[in-house]
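Below is model.csv, which holds CSV, C-alpha atoms.
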```csv
chain,number,residue,atom,x,y,z
A,1,MET,CA,0.0,0.0,0.0
A,2,ARG,CA,1.3,3.4,-1.0
A,3,LYS,CA,-0.3,5.3,1.8
A,4,ALA,CA,1.6,7.7,4.0
A,5,ILE,CA,0.9,10.3,6.7
A,6,VAL,CA,3.1,13.2,7.3
A,7,ILE,CA,3.3,14.3,11.0
A,8,LEU,CA,4.5,17.9,10.5
A,9,HIS,CA,5.7,20.2,13.2
A,10,GLY,CA,3.4,23.2,13.6
A,11,LYS,CA,6.1,25.7,12.7
A,12,GLN,CA,6.3,24.1,9.3
A,13,ALA,CA,2.6,24.3,8.4
A,14,MET,CA,3.1,27.1,5.9
A,15,ASN,CA,6.4,25.7,4.3
A,16,GLU,CA,5.8,25.9,0.6
A,17,GLU,CA,8.7,23.5,-0.2
A,18,VAL,CA,6.9,20.8,2.0
A,19,ARG,CA,3.7,21.5,0.1
A,20,LYS,CA,5.4,21.0,-3.2
A,21,ALA,CA,7.1,17.8,-2.0
A,22,VAL,CA,3.8,16.3,-0.9
A,23,LEU,CA,2.1,17.2,-4.2
A,24,ALA,CA,5.1,15.6,-6.1
A,25,GLN,CA,4.8,12.4,-4.1
A,26,ARG,CA,1.0,12.3,-4.8
A,27,GLU,CA,1.8,12.5,-8.5
A,28,ARG,CA,4.0,9.4,-8.1
A,29,GLY,CA,0.8,7.5,-7.1
A,30,TRP,CA,1.1,7.9,-3.3
A,31,THR,CA,-1.8,8.8,-1.0
A,32,VAL,CA,-0.1,11.4,1.3
A,33,ASP,CA,-2.1,13.0,4.1
A,34,VAL,CA,-0.7,15.7,6.4
A,35,ARG,CA,-1.4,16.3,10.1
A,36,VAL,CA,0.1,19.2,12.1
A,37,THR,CA,1.3,19.2,15.7
A,38,TRP,CA,0.3,22.0,18.1
A,39,GLU,CA,1.5,21.1,21.5
A,40,ALA,CA,3.4,18.4,23.5
A,41,GLY,CA,2.1,15.0,23.0
A,42,ASP,CA,0.5,15.6,19.6
A,43,ALA,CA,3.1,13.6,17.7
A,44,GLN,CA,2.5,10.5,19.8
A,45,ARG,CA,-1.3,10.8,19.5
A,46,LEU,CA,-1.1,11.3,15.8
A,47,VAL,CA,1.1,8.2,15.4
A,48,ALA,CA,-1.4,6.1,17.3
A,49,ASP,CA,-4.3,7.5,15.2
A,50,ALA,CA,-2.4,6.8,12.0
A,51,LEU,CA,-1.6,3.2,12.9
A,52,ALA,CA,-5.2,2.6,13.9
A,53,ALA,CA,-6.3,4.0,10.6
A,54,GLY,CA,-4.1,1.6,8.7
A,55,TYR,CA,-1.4,3.9,7.4
A,56,THR,CA,1.6,1.8,6.3
A,57,HIS,CA,4.1,4.7,6.2
A,58,VAL,CA,4.7,7.5,8.6
A,59,VAL,CA,6.8,10.6,7.9
A,60,ALA,CA,8.3,12.7,10.7
A,61,GLY,CA,8.4,16.3,9.4
A,62,GLY,CA,10.4,18.6,11.7
A,63,GLY,CA,13.6,18.6,13.7
A,64,ASP,CA,15.4,16.0,15.8
A,65,GLY,CA,12.7,16.4,18.5
A,66,THR,CA,9.9,15.6,16.1
A,67,LEU,CA,11.9,12.6,14.9
A,68,ARG,CA,12.4,11.4,18.4
A,69,ASP,CA,8.7,11.7,19.3
A,70,VAL,CA,7.5,9.8,16.2
A,71,ALA,CA,10.2,7.1,16.3
A,72,GLU,CA,9.6,6.5,20.0
A,73,ALA,CA,5.8,6.2,19.5
A,74,MET,CA,6.3,3.8,16.6
A,75,GLY,CA,8.8,1.8,18.6
A,76,HIS,CA,6.5,1.4,21.6
A,77,ALA,CA,3.7,0.3,19.2
A,78,ARG,CA,5.9,-2.4,17.7
A,79,THR,CA,4.4,-1.7,14.4
A,80,GLU,CA,5.2,-3.0,10.9
A,81,ALA,CA,4.6,0.4,9.5
A,82,SER,CA,7.8,2.2,8.3
A,83,LEU,CA,9.2,5.6,9.1
A,84,ALA,CA,10.6,8.2,6.7
A,85,LEU,CA,12.4,11.4,7.6
A,86,LEU,CA,11.5,14.9,6.4
A,87,PRO,CA,14.3,16.9,8.1
A,88,LEU,CA,13.2,20.5,8.8
A,89,GLY,CA,14.9,21.5,12.0
A,90,THR,CA,18.0,23.5,13.0
A,91,ALA,CA,20.5,20.7,13.5
A,92,ASN,CA,19.0,17.7,11.8
A,93,ASP,CA,21.8,15.6,13.3
A,94,PHE,CA,20.4,12.2,12.6
A,95,ALA,CA,19.3,13.0,9.0
A,96,LYS,CA,22.7,14.5,8.1
A,97,ALA,CA,24.6,11.5,9.4
A,98,ALA,CA,22.3,9.2,7.6
A,99,GLY,CA,22.6,11.0,4.3
A,100,VAL,CA,18.9,12.1,4.1
A,101,SER,CA,18.5,15.1,1.9
A,102,LEU,CA,17.5,18.4,3.5
A,103,GLU,CA,15.5,19.1,0.3
A,104,PRO,CA,11.9,18.1,1.1
A,105,ALA,CA,11.1,16.6,-2.3
A,106,GLU,CA,14.2,14.4,-2.2
A,107,ALA,CA,13.6,13.4,1.4
A,108,LEU,CA,10.0,12.3,0.7
A,109,ALA,CA,11.1,10.4,-2.4
A,110,LEU,CA,12.9,8.0,0.0
A,111,LEU,CA,9.4,6.5,0.5
A,112,ASP,CA,10.1,4.6,-2.7
A,113,GLN,CA,13.2,3.0,-1.2
A,114,PRO,CA,12.7,-0.3,0.8
A,115,ALA,CA,12.5,0.3,4.5
A,116,ARG,CA,15.4,-1.2,6.5
A,117,PRO,CA,15.2,-2.7,10.0
A,118,ILE,CA,17.1,-0.5,12.4
A,119,ASP,CA,17.8,-0.5,16.2
A,120,LEU,CA,16.5,1.9,18.8
A,121,GLY,CA,18.1,2.8,22.1
A,122,ARG,CA,16.2,2.4,25.4
A,123,VAL,CA,16.7,3.9,28.8
A,124,GLY,CA,13.9,3.1,31.3
A,125,ASP,CA,10.7,3.4,29.4
A,126,GLN,CA,12.1,6.0,27.0
A,127,LEU,CA,13.2,5.1,23.5
A,128,PHE,CA,15.7,7.1,21.3
A,129,LEU,CA,16.8,6.9,17.7
A,130,ASN,CA,19.9,9.0,17.6
A,131,MET,CA,22.0,9.6,20.7
A,132,ALA,CA,22.1,10.2,24.5
A,133,THR,CA,24.7,12.8,25.5
A,134,GLY,CA,26.0,13.8,28.9
A,135,GLY,CA,28.4,16.4,30.3
A,136,PHE,CA,29.1,19.8,28.8
A,137,GLY,CA,27.7,19.0,25.4
A,138,SER,CA,24.3,18.1,26.7
A,139,GLN,CA,24.3,21.3,28.8
A,140,VAL,CA,25.0,23.4,25.6
A,141,THR,CA,22.2,21.7,23.7
A,142,ALA,CA,19.7,22.1,26.5
A,143,ASN,CA,20.6,25.8,27.0
A,144,THR,CA,20.6,26.9,23.4
A,145,SER,CA,17.6,29.2,22.9
A,146,GLU,CA,15.0,28.8,20.1
A,147,ASP,CA,15.5,32.5,19.2
A,148,LEU,CA,19.2,32.0,18.8
A,149,LYS,CA,18.7,29.0,16.6
A,150,LYS,CA,16.4,31.1,14.4
A,151,VAL,CA,19.1,33.7,13.9
A,152,LEU,CA,22.3,31.5,13.7
A,153,GLY,CA,21.0,28.1,12.8
A,154,ALA,CA,23.3,25.2,13.8
A,155,ALA,CA,26.0,27.8,14.7
A,156,ALA,CA,23.9,28.7,17.7
A,157,TYR,CA,25.1,25.6,19.5
A,158,LEU,CA,28.8,26.7,19.0
A,159,PHE,CA,28.0,30.2,20.2
A,160,THR,CA,26.3,28.9,23.3
A,161,GLY,CA,29.1,26.6,24.0
A,162,LEU,CA,31.7,29.3,23.8
A,163,SER,CA,29.7,31.7,26.0
A,164,ARG,CA,29.3,29.0,28.7
A,165,PHE,CA,32.8,27.6,28.5
A,166,SER,CA,33.7,29.0,31.9
A,167,GLU,CA,31.0,26.8,33.4
A,168,LEU,CA,32.8,23.6,32.1
A,169,GLN,CA,32.7,21.1,34.9
A,170,ALA,CA,33.7,17.4,35.0
A,171,ALA,CA,31.2,14.7,36.1
A,172,SER,CA,32.4,11.7,38.1
A,173,VAL,CA,30.9,8.5,36.7
A,174,GLU,CA,31.3,4.8,36.4
A,175,LEU,CA,30.3,3.0,33.2
A,176,THR,CA,29.9,-0.8,33.0
A,177,GLY,CA,29.0,-3.0,30.1
A,178,PRO,CA,29.8,-6.5,28.7
A,179,GLY,CA,33.6,-6.6,28.6
A,180,PHE,CA,33.8,-2.9,29.4
A,181,HIS,CA,34.4,-0.8,32.5
A,182,TRP,CA,35.5,2.8,32.9
A,183,GLN,CA,35.5,5.0,36.0
A,184,GLY,CA,36.6,8.6,36.4
A,185,ASP,CA,35.7,12.2,35.6
A,186,LEU,CA,34.4,13.1,32.1
A,187,LEU,CA,33.7,16.3,30.2
A,188,ALA,CA,31.4,14.7,27.6
A,189,LEU,CA,29.6,11.4,27.0
A,190,GLY,CA,27.9,10.1,23.9
A,191,ILE,CA,25.9,6.9,23.8
A,192,GLY,CA,25.0,6.6,20.1
A,193,ASN,CA,22.8,4.7,17.8
A,194,GLY,CA,23.6,7.6,15.4
A,195,ARG,CA,26.8,9.6,15.1
A,196,GLN,CA,26.3,13.2,16.0
A,197,ALA,CA,24.3,15.5,18.3
A,198,GLY,CA,24.1,19.1,19.4
A,199,GLY,CA,24.3,20.7,16.0
A,200,GLY,CA,27.0,18.6,14.4
A,201,GLN,CA,29.1,17.4,17.4
A,202,VAL,CA,30.4,14.0,16.1
A,203,LEU,CA,30.8,11.8,19.2
A,204,CYS,CA,30.2,8.3,17.9
A,205,GLY,CA,31.7,8.6,14.4
A,206,GLU,CA,31.6,4.8,13.6
A,207,ALA,CA,28.1,4.1,14.9
A,208,VAL,CA,25.6,2.2,12.7
A,209,VAL,CA,21.9,1.7,13.2
A,210,ASP,CA,21.5,-2.0,12.4
A,211,ASP,CA,24.2,-3.8,14.4
A,212,GLY,CA,22.3,-4.3,17.7
A,213,LEU,CA,24.9,-2.3,19.6
A,214,LEU,CA,25.3,1.1,21.1
A,215,ASP,CA,28.5,3.1,20.6
A,216,VAL,CA,30.0,4.7,23.7
A,217,ALA,CA,32.3,7.7,23.6
A,218,ILE,CA,33.8,9.3,26.7
A,219,LEU,CA,35.9,12.4,26.7
A,220,PRO,CA,37.9,12.2,30.0
A,221,ALA,CA,38.4,15.3,32.1
A,222,PRO,CA,41.7,17.2,31.7
A,223,GLN,CA,43.7,15.4,34.4
A,224,GLU,CA,43.0,12.1,32.6
A,225,VAL,CA,43.5,13.7,29.2
A,226,VAL,CA,47.1,14.5,30.1
A,227,GLY,CA,47.7,10.8,30.8
A,228,ALA,CA,46.1,10.0,27.4
A,229,LEU,CA,48.5,12.0,25.3
A,230,ARG,CA,50.5,8.9,24.5
A,231,ASP,CA,47.4,7.4,23.0
A,232,LEU,CA,46.7,10.6,21.1
A,233,LEU,CA,50.2,10.6,19.5
A,234,ALA,CA,49.6,6.9,18.6
A,235,GLY,CA,46.5,8.0,16.7
A,236,GLU,CA,43.9,6.7,19.2
A,237,GLY,CA,42.5,10.1,20.1
A,238,LEU,CA,41.4,11.5,23.4
A,239,PHE,CA,38.1,9.6,23.5
A,240,VAL,CA,37.6,6.3,25.3
A,241,ARG,CA,35.4,4.2,23.1
A,242,ALA,CA,33.3,1.0,23.4
A,243,ARG,CA,30.6,-0.8,21.4
A,244,VAL,CA,28.2,-2.7,23.6
A,245,PRO,CA,24.6,-4.1,23.7
A,246,TRP,CA,24.0,-2.3,27.0
A,247,VAL,CA,25.8,0.0,29.4
A,248,GLU,CA,25.0,1.1,32.9
A,249,ILE,CA,26.0,4.5,34.2
A,250,LYS,CA,26.3,5.4,37.9
A,251,SER,CA,27.1,8.9,39.3
A,252,SER,CA,26.9,9.8,42.9
A,253,GLN,CA,26.1,13.4,42.2
A,254,GLY,CA,23.7,12.6,39.4
A,255,LEU,CA,24.2,13.1,35.7
A,256,ASP,CA,22.2,15.3,33.3
A,257,ILE,CA,21.5,13.5,30.0
A,258,ASN,CA,20.1,14.9,26.8
A,259,LEU,CA,18.1,12.2,25.0
A,260,ASP,CA,17.6,13.3,21.4
A,261,GLY,CA,16.7,16.7,22.9
A,262,GLU,CA,14.7,15.4,25.8
A,263,PRO,CA,16.3,16.1,29.3
A,264,LEU,CA,16.9,13.2,31.6
A,265,GLN,CA,18.5,13.1,35.0
A,266,GLY,CA,19.5,10.2,37.3
A,267,ASP,CA,22.3,8.7,39.4
A,268,SER,CA,21.9,5.2,37.9
A,269,LEU,CA,20.8,4.7,34.3
A,270,ARG,CA,20.9,1.6,32.1
A,271,PHE,CA,21.0,2.1,28.3
A,272,GLU,CA,20.4,-0.8,25.9
A,273,SER,CA,20.0,-1.5,22.2
A,274,LEU,CA,16.7,-2.9,20.9
A,275,PRO,CA,17.7,-4.6,17.6
A,276,ALA,CA,15.5,-4.2,14.6
A,277,ALA,CA,12.9,-2.3,16.6
A,278,LEU,CA,11.8,0.0,13.7
A,279,ARG,CA,11.7,0.0,9.9
A,280,LEU,CA,13.3,3.2,8.4
A,281,HIS,CA,13.6,4.5,4.8
A,282,LEU,CA,17.2,5.4,4.2
A,283,PRO,CA,19.4,6.1,1.2
A,284,PRO,CA,20.8,2.8,-0.1
A,285,ASP,CA,24.3,4.1,0.5
A,286,SER,CA,23.6,5.6,3.9
A,287,ALA,CA,26.7,5.6,6.1
A,288,LEU,CA,24.6,4.5,9.1
A,289,LEU,CA,24.0,1.1,7.5
A,290,SER,CA,26.4,-1.7,8.3
A,291,ARG,CA,26.0,-3.0,4.8
A,292,PRO,CA,25.2,0.0,2.6
A,293,GLY,CA,24.1,-0.7,-1.0
A,294,GLU,CA,22.4,-4.0,-0.2
```
Using the file provided, produce a representation of the structure as structure tokens.
Amino acid sequence: MRKAIVILHGKQAMNEEVRKAVLAQRERGWTVDVRVTWEAGDAQRLVADALAAGYTHVVAGGGDGTLRDVAEAMGHARTEASLALLPLGTANDFAKAAGVSLEPAEALALLDQPARPIDLGRVGDQLFLNMATGGFGSQVTANTSEDLKKVLGAAAYLFTGLSRFSELQAASVELTGPGFHWQGDLLALGIGNGRQAGGGQVLCGEAVVDDGLLDVAILPAPQEVVGALRDLLAGEGLFVRARVPWVEIKSSQGLDINLDGEPLQGDSLRFESLPAALRLHLPPDSALLSRPGE
């Protein structure tokens, strides 16, 4: 069935390029309906309504937050319906890493590509598609204003980071996973199903979305970075890295996490990969696929 529903962020309701893209997809023989969000919770409700109405394809039209909400709702529903991305946000971190075009017509045309089974991340009862970040990077993302993003676009994250650099503080944590243990002070943490967050910060540069694993990237605090200079000179870089099906994080003082734009706080958190939890339309040569081109 060539029947899709676009769940469109309310700010994009008058976007003429989106309107043209929807019309072009209809000319290809698709039934494409559009629903617009107004307030928190609308995306989840619209996903539930779409699945109940028998839509076989759902399109998330908006930024990383809209993508998160739609992907999470579909993951919880355990649906066979597939998801496509219509990236219209400021950062579009997941879409850029996946190679999804920022041109609406080209993005919608991916509906004609076969959907691929991909993983989702889970922490507690929350699901995420792209990345969980902690430390300074998550603080920057959380504190970058919408007004600044309107003016500067993705550069707003860099501007906010520079202006708040004096607030840089290390977090003392312990991470444990299968065959992996690390304890110490960190400046930044990424737990990635995707590769980048916060307007282009590449934390998990080798992550793929269909390997059943999460990539972990830890940037140690300065006192440990000094000890890591030997590794840096050897080409290993300053990051501590692991690839695991799950990882537990403990922090006595609590750790602030940014979950695809959603704030999360806790002193003991368990992240795990849910293999093949969602079907997603991606370019055949997407760098986020473990076997691109197949």
Quick one: distance from atom CA of Trp30 of chain A to atom CA of Gly10 of chain A in Å, one decimal?
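Those two atoms sit 22.9 Å apart.
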Using all atoms listed in the file, give me every residue within 9 Å of (13.8, 13.1, 4.5) in file coordinates, as a list of chain:residue names.
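Taken together, the residues in range are A:Val59, A:Ala60, A:Gly61, A:Ala84, A:Leu85, A:Leu86, A:Pro87, A:Leu88, A:Ala95, A:Val100, A:Ser101, A:Leu102, A:Glu103, A:Pro104, A:Ala105, A:Glu106, A:Ala107, A:Leu108, A:Ala109, A:Leu110, A:Leu111, A:His281, A:Leu282.
Atom CA of Asp256 of chain A is found 20.3 Å from atom CA of Glu72 of chain A.
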Distance in Å - atom CA of Ser273 of chain A versus atom CA of Ile5 of chain A:
27.3 Å
When distances are computed from only C-alpha atoms, which of A:Thr31, A:Val209, A:Asp260, A:Phe271 shows the smallest separation from Thr66 of chain A?
A:Asp260
Extract, using all atoms listed in the file, all DNA, RNA and protein residues at most 9 Å from Leu46 of chain A, discarding same-chain residues fewer than 3 positions from it, and format them as a ChimeraX atom specification.
/A:7,35-37,41-43,49-51,70
Here is a test: counting all atoms listed in the file, which residue of A:Val18, A:Glu262, A:Asp93, A:Leu129 is nearest to Ala40 of chain A?
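Among the listed residues, A:Glu262 lies closest to Ala40 of chain A.
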Dump as an MDAnalysis selection string all residues having an atom at most 8 Å from (24.0, 8.7, 34.0), computed in the file's coordinates with only C-alpha atoms.
chainID A and resid 134 173 248:251 254:257 265:270
List as a PyMOL selection string the protein and nucleic acid residues near Asp210 of chain A, meaning an atom at most 8 Å away when all atoms listed in the file are counted, but skip any in the same chain fewer than 5 places from it.
chain A and resi 117-119+275-276+288-290
When you count only C-alpha atoms, which of these residues is closest to Val34 of chain A: A:Ala277, A:Ala13, A:Val6, A:His57?
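Ranking A:Ala277, A:Ala13, A:Val6, A:His57 by distance to Val34 of chain A, first place goes to A:Val6.
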Would you please work out which residue, of A:Ala98, A:Val22, A:Leu187, A:Cys204, is nearest to Gly135 of chain A when using all atoms listed in the file?
A:Leu187
Nearest to Ala77 of chain A by atom-to-atom distance, counting all atoms listed in the file, from A:Arg19, A:Gln201, A:Pro284, A:Leu278:
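For Ala77 of chain A, the nearest of the given residues is A:Leu278.
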Could you check which of A:Leu203, A:Leu67, A:Ala81, A:Ala115 is closest to Ala4 of chain A, using only C-alpha atoms?
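Checking each of A:Leu203, A:Leu67, A:Ala81, A:Ala115 against Ala4 of chain A, counting only C-alpha atoms, the winner is A:Ala81.
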